[in-house]
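Content type PDB, C-alpha atoms, from the file final.pdb:
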```pdb
ATOM      1  CA  MET A   1     110.464  71.550 104.169  1.00  0.00           C
ATOM      2  CA  LYS A   2     110.087  72.154 107.898  1.00  0.00           C
ATOM      3  CA  ILE A   3     107.320  70.663 110.006  1.00  0.00           C
ATOM      4  CA  LYS A   4     106.573  71.027 113.693  1.00  0.00           C
ATOM      5  CA  ALA A   5     104.795  67.920 114.997  1.00  0.00           C
ATOM      6  CA  ARG A   6     103.670  66.316 118.237  1.00  0.00           C
ATOM      7  CA  TYR A   7     103.964  62.632 119.127  1.00  0.00           C
ATOM      8  CA  ASP A   8     103.442  61.006 122.525  1.00  0.00           C
ATOM      9  CA  ASN A   9     103.062  64.438 124.218  1.00  0.00           C
ATOM     10  CA  GLN A  10     106.466  65.576 122.921  1.00  0.00           C
ATOM     11  CA  THR A  11     107.067  68.316 120.310  1.00  0.00           C
ATOM     12  CA  TYR A  12     109.495  67.653 117.443  1.00  0.00           C
ATOM     13  CA  ARG A  13     110.877  69.814 114.664  1.00  0.00           C
ATOM     14  CA  ILE A  14     111.331  67.866 111.440  1.00  0.00           C
ATOM     15  CA  HIS A  15     113.448  69.265 108.612  1.00  0.00           C
ATOM     16  CA  LEU A  16     113.283  67.379 105.305  1.00  0.00           C
ATOM     17  CA  VAL A  17     116.081  68.139 102.840  1.00  0.00           C
ATOM     18  CA  GLU A  18     116.231  66.623  99.356  1.00  0.00           C
ATOM     19  CA  ARG A  19     119.713  65.389  98.520  1.00  0.00           C
ATOM     20  CA  GLN A  20     121.145  66.018  95.077  1.00  0.00           C
ATOM     21  CA  ASP A  21     123.217  62.966  94.194  1.00  0.00           C
ATOM     22  CA  ALA A  22     123.759  60.589  91.299  1.00  0.00           C
ATOM     23  CA  ASP A  23     120.910  58.280  92.369  1.00  0.00           C
ATOM     24  CA  PRO A  24     117.889  58.724  90.073  1.00  0.00           C
ATOM     25  CA  ARG A  25     115.522  57.889  92.959  1.00  0.00           C
ATOM     26  CA  SER A  26     114.531  60.542  95.479  1.00  0.00           C
ATOM     27  CA  SER A  27     116.955  60.757  98.375  1.00  0.00           C
ATOM     28  CA  PHE A  28     116.403  62.771 101.557  1.00  0.00           C
ATOM     29  CA  GLU A  29     118.022  63.682 104.808  1.00  0.00           C
ATOM     30  CA  ILE A  30     115.502  63.961 107.626  1.00  0.00           C
ATOM     31  CA  ARG A  31     116.685  65.891 110.687  1.00  0.00           C
ATOM     32  CA  ILE A  32     114.496  65.296 113.732  1.00  0.00           C
ATOM     33  CA  GLU A  33     115.010  67.668 116.659  1.00  0.00           C
ATOM     34  CA  GLY A  34     113.332  66.324 119.797  1.00  0.00           C
ATOM     35  CA  PRO A  35     113.124  67.465 123.390  1.00  0.00           C
ATOM     36  CA  GLU A  36     116.251  65.538 124.375  1.00  0.00           C
ATOM     37  CA  ASN A  37     118.295  64.952 121.228  1.00  0.00           C
ATOM     38  CA  GLU A  38     118.683  65.391 117.488  1.00  0.00           C
ATOM     39  CA  GLN A  39     118.705  62.568 114.964  1.00  0.00           C
ATOM     40  CA  VAL A  40     119.582  62.525 111.269  1.00  0.00           C
ATOM     41  CA  VAL A  41     118.071  59.799 109.075  1.00  0.00           C
ATOM     42  CA  GLU A  42     119.013  59.073 105.461  1.00  0.00           C
ATOM     43  CA  VAL A  43     115.992  58.015 103.359  1.00  0.00           C
ATOM     44  CA  ARG A  44     115.641  56.941  99.716  1.00  0.00           C
ATOM     45  CA  VAL A  45     112.254  56.433  98.094  1.00  0.00           C
ATOM     46  CA  LEU A  46     112.354  53.084  96.276  1.00  0.00           C
ATOM     47  CA  ASP A  47     108.656  52.813  95.402  1.00  0.00           C
ATOM     48  CA  HIS A  48     105.396  54.639  96.074  1.00  0.00           C
ATOM     49  CA  SER A  49     101.857  53.453  95.414  1.00  0.00           C
ATOM     50  CA  GLN A  50      98.429  53.788  96.984  1.00  0.00           C
ATOM     51  CA  ALA A  51      99.354  50.802  99.167  1.00  0.00           C
ATOM     52  CA  GLY A  52     102.223  52.736 100.753  1.00  0.00           C
ATOM     53  CA  TRP A  53     105.891  53.569 100.448  1.00  0.00           C
ATOM     54  CA  THR A  54     108.933  51.346 100.147  1.00  0.00           C
ATOM     55  CA  LEU A  55     111.847  53.260 101.618  1.00  0.00           C
ATOM     56  CA  GLU A  56     115.484  52.617 102.300  1.00  0.00           C
ATOM     57  CA  ILE A  57     115.995  54.047 105.787  1.00  0.00           C
ATOM     58  CA  ASP A  58     119.610  54.159 106.982  1.00  0.00           C
ATOM     59  CA  GLY A  59     120.424  51.262 104.634  1.00  0.00           C
ATOM     60  CA  LYS A  60     117.439  49.042 105.552  1.00  0.00           C
ATOM     61  CA  ILE A  61     114.477  48.510 103.207  1.00  0.00           C
ATOM     62  CA  GLN A  62     111.205  49.270 105.018  1.00  0.00           C
ATOM     63  CA  ASP A  63     107.522  49.364 104.033  1.00  0.00           C
ATOM     64  CA  VAL A  64     105.696  52.415 105.417  1.00  0.00           C
ATOM     65  CA  LEU A  65     102.020  53.340 105.221  1.00  0.00           C
ATOM     66  CA  ILE A  66     101.147  57.015 105.728  1.00  0.00           C
ATOM     67  CA  SER A  67      97.502  57.978 106.109  1.00  0.00           C
ATOM     68  CA  GLU A  68      95.584  61.038 107.227  1.00  0.00           C
ATOM     69  CA  ASN A  69      93.691  61.242 110.484  1.00  0.00           C
ATOM     70  CA  PRO A  70      91.696  64.177 111.943  1.00  0.00           C
ATOM     71  CA  GLU A  71      94.722  65.513 113.859  1.00  0.00           C
ATOM     72  CA  GLY A  72      97.441  64.934 111.290  1.00  0.00           C
ATOM     73  CA  LEU A  73      99.015  61.708 110.082  1.00  0.00           C
ATOM     74  CA  SER A  74      99.216  58.091 111.086  1.00  0.00           C
ATOM     75  CA  ILE A  75     102.473  56.398 110.152  1.00  0.00           C
ATOM     76  CA  ASP A  76     102.413  52.588 110.227  1.00  0.00           C
ATOM     77  CA  TRP A  77     105.947  51.269 110.228  1.00  0.00           C
ATOM     78  CA  ASP A  78     107.814  48.333 111.709  1.00  0.00           C
ATOM     79  CA  TYR A  79     104.587  46.768 113.105  1.00  0.00           C
ATOM     80  CA  ARG A  80     103.754  49.967 115.048  1.00  0.00           C
ATOM     81  CA  SER A  81     101.407  52.875 114.461  1.00  0.00           C
ATOM     82  CA  PHE A  82     102.567  56.424 115.147  1.00  0.00           C
ATOM     83  CA  PRO A  83      99.799  59.076 115.351  1.00  0.00           C
ATOM     84  CA  ILE A  84     101.434  62.421 114.510  1.00  0.00           C
ATOM     85  CA  GLN A  85      99.748  65.748 115.221  1.00  0.00           C
ATOM     86  CA  ILE A  86     100.865  68.432 112.741  1.00  0.00           C
ATOM     87  CA  LEU A  87     101.512  71.732 114.529  1.00  0.00           C
ATOM     88  CA  THR A  88     102.909  73.839 111.669  1.00  0.00           C
ATOM     89  CA  GLN A  89     100.329  76.465 110.673  1.00  0.00           C
ATOM     90  CA  ALA A  90     100.822  76.004 106.912  1.00  0.00           C
ATOM     91  CA  GLU A  91     100.342  72.231 107.203  1.00  0.00           C
ATOM     92  CA  ARG A  92      97.171  72.638 109.281  1.00  0.00           C
ATOM     93  CA  LEU A  93      95.718  75.124 106.789  1.00  0.00           C
ATOM     94  CA  LEU A  94      96.505  72.830 103.850  1.00  0.00           C
ATOM     95  CA  ARG A  95      94.834  69.858 105.559  1.00  0.00           C
ATOM     96  CA  GLN A  96      91.853  71.975 106.593  1.00  0.00           C
ATOM     97  CA  SER A  97      91.345  73.216 103.029  1.00  0.00           C
ATOM     98  CA  VAL A  98      91.008  69.619 101.814  1.00  0.00           C
ATOM     99  CA  ARG A  99      88.542  68.743 104.595  1.00  0.00           C
ATOM    100  CA  ASN A 100      86.336  71.830 104.086  1.00  0.00           C
ATOM    101  CA  GLU A 101      84.491  71.178 100.856  1.00  0.00           C
ATOM    102  CA  THR A 102      84.376  74.043  98.350  1.00  0.00           C
ATOM    103  CA  GLN A 103      80.925  75.253  97.308  1.00  0.00           C
ATOM    104  CA  GLY A 104      80.009  76.055  93.678  1.00  0.00           C
ATOM    105  CA  ARG A 105      82.457  75.572  90.809  1.00  0.00           C
ATOM    106  CA  ALA A 106      86.003  74.767  91.891  1.00  0.00           C
ATOM    107  CA  THR A 107      89.099  75.580  89.863  1.00  0.00           C
ATOM    108  CA  VAL A 108      92.138  73.428  90.661  1.00  0.00           C
ATOM    109  CA  ARG A 109      95.465  75.068  89.775  1.00  0.00           C
ATOM    110  CA  ALA A 110      99.056  73.842  89.802  1.00  0.00           C
ATOM    111  CA  GLN A 111     100.821  75.020  92.948  1.00  0.00           C
ATOM    112  CA  MET A 112     104.261  74.909  91.303  1.00  0.00           C
ATOM    113  CA  PRO A 113     105.855  73.921  88.003  1.00  0.00           C
ATOM    114  CA  GLY A 114     106.231  70.212  87.345  1.00  0.00           C
ATOM    115  CA  GLN A 115     105.524  67.275  85.064  1.00  0.00           C
ATOM    116  CA  VAL A 116     102.255  65.328  85.040  1.00  0.00           C
ATOM    117  CA  ILE A 117     103.010  61.717  85.977  1.00  0.00           C
ATOM    118  CA  THR A 118      99.494  60.239  86.268  1.00  0.00           C
ATOM    119  CA  VAL A 119      96.014  61.604  85.555  1.00  0.00           C
ATOM    120  CA  LEU A 120      93.605  60.073  88.078  1.00  0.00           C
ATOM    121  CA  ALA A 121      90.326  61.739  86.978  1.00  0.00           C
ATOM    122  CA  LYS A 122      88.920  62.497  83.539  1.00  0.00           C
ATOM    123  CA  GLU A 123      86.351  64.908  82.111  1.00  0.00           C
ATOM    124  CA  GLY A 124      82.775  63.859  82.913  1.00  0.00           C
ATOM    125  CA  GLU A 125      83.875  61.652  85.801  1.00  0.00           C
ATOM    126  CA  GLY A 126      82.417  62.003  89.301  1.00  0.00           C
ATOM    127  CA  VAL A 127      84.868  62.714  92.138  1.00  0.00           C
ATOM    128  CA  GLN A 128      84.670  62.981  95.930  1.00  0.00           C
ATOM    129  CA  VAL A 129      86.218  65.677  98.138  1.00  0.00           C
ATOM    130  CA  GLY A 130      89.830  64.730  98.874  1.00  0.00           C
ATOM    131  CA  GLN A 131      90.028  62.265  95.949  1.00  0.00           C
ATOM    132  CA  GLY A 132      93.234  62.399  93.923  1.00  0.00           C
ATOM    133  CA  LEU A 133      92.944  64.138  90.546  1.00  0.00           C
ATOM    134  CA  VAL A 134      96.499  64.122  89.249  1.00  0.00           C
ATOM    135  CA  ILE A 135     100.054  63.310  90.346  1.00  0.00           C
ATOM    136  CA  ILE A 136     102.655  65.932  89.463  1.00  0.00           C
ATOM    137  CA  GLU A 137     106.388  65.500  89.924  1.00  0.00           C
ATOM    138  CA  ALA A 138     108.137  68.632  91.142  1.00  0.00           C
ATOM    139  CA  MET A 139     111.658  68.751  92.583  1.00  0.00           C
ATOM    140  CA  LYS A 140     111.914  64.924  92.397  1.00  0.00           C
ATOM    141  CA  MET A 141     108.852  64.527  94.613  1.00  0.00           C
ATOM    142  CA  GLN A 142     105.491  63.234  93.456  1.00  0.00           C
ATOM    143  CA  ASN A 143     102.579  65.354  94.684  1.00  0.00           C
ATOM    144  CA  GLU A 144      98.977  64.220  94.499  1.00  0.00           C
ATOM    145  CA  ILE A 145      96.578  67.097  93.813  1.00  0.00           C
ATOM    146  CA  LYS A 146      93.201  66.409  95.458  1.00  0.00           C
ATOM    147  CA  SER A 147      89.676  67.511  94.676  1.00  0.00           C
ATOM    148  CA  PRO A 148      88.428  70.373  96.879  1.00  0.00           C
ATOM    149  CA  LYS A 149      84.810  69.223  96.441  1.00  0.00           C
ATOM    150  CA  SER A 150      82.560  66.361  95.433  1.00  0.00           C
ATOM    151  CA  GLY A 151      81.098  66.751  91.965  1.00  0.00           C
ATOM    152  CA  THR A 152      81.814  66.190  88.286  1.00  0.00           C
ATOM    153  CA  VAL A 153      85.018  67.046  86.433  1.00  0.00           C
ATOM    154  CA  ILE A 154      83.873  69.502  83.754  1.00  0.00           C
ATOM    155  CA  THR A 155      87.347  70.472  82.509  1.00  0.00           C
ATOM    156  CA  CYS A 156      90.559  68.424  82.508  1.00  0.00           C
ATOM    157  CA  ASN A 157      93.520  70.306  81.029  1.00  0.00           C
ATOM    158  CA  VAL A 158      96.216  67.693  81.726  1.00  0.00           C
ATOM    159  CA  GLN A 159      97.603  64.552  80.201  1.00  0.00           C
ATOM    160  CA  GLU A 160     100.485  62.325  81.223  1.00  0.00           C
ATOM    161  CA  GLY A 161     103.916  63.643  80.325  1.00  0.00           C
ATOM    162  CA  ILE A 162     103.076  67.342  79.903  1.00  0.00           C
ATOM    163  CA  LYS A 163     104.753  70.086  81.909  1.00  0.00           C
ATOM    164  CA  VAL A 164     102.648  72.563  83.893  1.00  0.00           C
ATOM    165  CA  SER A 165     103.530  75.944  85.362  1.00  0.00           C
ATOM    166  CA  GLY A 166     102.521  77.305  88.738  1.00  0.00           C
ATOM    167  CA  GLY A 167      99.016  78.767  88.479  1.00  0.00           C
ATOM    168  CA  ASP A 168      97.956  76.737  85.422  1.00  0.00           C
ATOM    169  CA  VAL A 169      94.323  75.586  85.572  1.00  0.00           C
ATOM    170  CA  LEU A 170      94.386  71.787  85.782  1.00  0.00           C
ATOM    171  CA  PHE A 171      90.717  70.945  86.481  1.00  0.00           C
ATOM    172  CA  GLU A 172      87.336  72.541  86.969  1.00  0.00           C
ATOM    173  CA  ILE A 173      84.809  70.675  89.086  1.00  0.00           C
ATOM    174  CA  GLU A 174      81.108  71.447  89.414  1.00  0.00           C
TER
END
```
Same coordinates, now as C-alpha cells:
Amino acid sequence: MKIKARYDNQTYRIHLVERQDADPRSSFEIRIEGPENEQVVEVRVLDHSQAGWTLEIDGKIQDVLISENPEGLSIDWDYRSFPIQILTQAERLLRQSVRNETQGRATVRAQMPGQVITVLAKEGEGVQVGQGLVIIEAMKMQNEIKSPKSGTVITCNVQEGIKVSGGDVLFEIE
C-alpha cells in the first residue's frame, strides 16, 4: 500500500509492504521517503485492540494509538502526538465516504476475500455512522468494516470463522 501524507508542513511518501516470513504475526517493512532522506522501518504487529496497537518497531516493543481526525490520522506514540494529513486521493475518498452518511437502505459488501474474525453488530441492533460492523482478516491484516449510516441492522450475513468473497453482502442497514 502506498500513501502520500503531510506532517509538520513536509510531504512524505509511505510504502507499506507485508513481509512473508515464518512468523505467524503480521510483519511489515515501512519505507518512508521524506524531503531530505529515506528511512526503512521493520514492524511486527504483536497485538491490536480498540485501545490501540502493540508493535515491535525495529526490535523495540511500543504501544501506539491511531485515531481519525478531520484531516487524516492522529498517531500517539512515544509520549508524542503526530497529526498526519492524508494526501492520497484514494485514502481521502475512503475517509470521506465514512463521514458522509448514506441515505435510505445501505448495503455493506466485502471489499475483498477474507475470513470473518469478529462480528461487532447483530441483526436488530442499532448502529451509528462509522461504527464497526465486522472485522475481516485479509492478507494477514485485520480490516474493520464500518457502517455507512446510522440506523438498524436488518440483515447480518456473517458469523465468526466464515470466509467471504469480494462483493458478498455482509449487512443491510435501514
With all atoms listed in the file as the atoms that count, which of A:Ile75, A:Ala106, A:Ile173, A:Ile86 lies nearest to A:Glu125?
A:Ile173
Going by the chain IDs and residue numbers used in this file, which residues fall under the PyMOL selection byres ((chain A and resi 170) around 7)? Write them as a list in words.
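What the PyMOL selection byres ((chain A and resi 170) around 7) grabs from the file is Val108, Arg109, Ala110, Cys156, Asn157, Val158, Asp168, Val169 and Phe171 of chain A.
Counting from atom CA of A:Leu133, the distance to atom CA of A:Pro83 is 26.2 Å.
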Å distance separating atom CA of A:Gln131 from atom CA of A:Ser74, one decimal place
18.2 Å
Excluding stretch 53-57 of chain A and any residue of its chain fewer than 3 positions from it, enumerate the residues within 10 Å of it, using all atoms listed in the file, and give them as a ChimeraX atom specification.
/A:26-29,41-50,60-66
Who sits within 12 Å of A:Val164, all atoms listed in the file, same chain under 2 positions skipped, as a PyMOL selection string:
chain A and resi 109-117+134-138+157-162+166-170
Atom CA of A:Ser67 to atom CA of A:Gln85: how many Å, to one decimal?
12.2 Å
Once 6 Å is added on each side, what centre and edge lengths in Å to one decimal does the axis-aligned box around all listed atoms of stretch 26-35 of chain A have, as AutoDock Vina command-line options?
```
--center_x 115.6 --center_y 64.1 --center_z 109.4 --size_x 16.9 --size_y 19.1 --size_z 39.9
```
Which residues would end up in the selection if the PyMOL selection byres ((chain A and resi 150) around 10) were applied here, given that I need the answer as a ChimeraX atom specification?
/A:101-103,106,126-131,147-149,151-153,173-174
Let's have the selection written as a PDB file, in the coordinates of the input, with C-alpha atoms.
```pdb
ATOM      1  CA  GLU A 101      84.491  71.178 100.856  1.00  0.00           C
ATOM      2  CA  THR A 102      84.376  74.043  98.350  1.00  0.00           C
ATOM      3  CA  GLN A 103      80.925  75.253  97.308  1.00  0.00           C
ATOM      4  CA  ALA A 106      86.003  74.767  91.891  1.00  0.00           C
ATOM      5  CA  GLY A 126      82.417  62.003  89.301  1.00  0.00           C
ATOM      6  CA  VAL A 127      84.868  62.714  92.138  1.00  0.00           C
ATOM      7  CA  GLN A 128      84.670  62.981  95.930  1.00  0.00           C
ATOM      8  CA  VAL A 129      86.218  65.677  98.138  1.00  0.00           C
ATOM      9  CA  GLY A 130      89.830  64.730  98.874  1.00  0.00           C
ATOM     10  CA  GLN A 131      90.028  62.265  95.949  1.00  0.00           C
ATOM     11  CA  SER A 147      89.676  67.511  94.676  1.00  0.00           C
ATOM     12  CA  PRO A 148      88.428  70.373  96.879  1.00  0.00           C
ATOM     13  CA  LYS A 149      84.810  69.223  96.441  1.00  0.00           C
ATOM     14  CA  GLY A 151      81.098  66.751  91.965  1.00  0.00           C
ATOM     15  CA  THR A 152      81.814  66.190  88.286  1.00  0.00           C
ATOM     16  CA  VAL A 153      85.018  67.046  86.433  1.00  0.00           C
ATOM     17  CA  ILE A 173      84.809  70.675  89.086  1.00  0.00           C
ATOM     18  CA  GLU A 174      81.108  71.447  89.414  1.00  0.00           C
TER      19      GLU A 174
END
```
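Applied to this file, the PyMOL selection byres ((chain A and resi 13-16) around 10) selects the residues Met1, Lys2, Ile3, Lys4, Ala5, Arg6, Thr11, Tyr12, Val17, Glu18, Arg19, Phe28, Glu29, Ile30, Arg31, Ile32, Glu33, Gly34, Pro35, Glu38, Gln39, Val40, Val41, Val43, Leu87 and Thr88 of chain A.
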Which residue of A:Val119, A:Lys163, A:Leu73, A:Tyr79 approaches A:Lys146 most closely, using only C-alpha atoms
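Looking only at the distances to A:Lys146, the closest residue turns out to be A:Val119.
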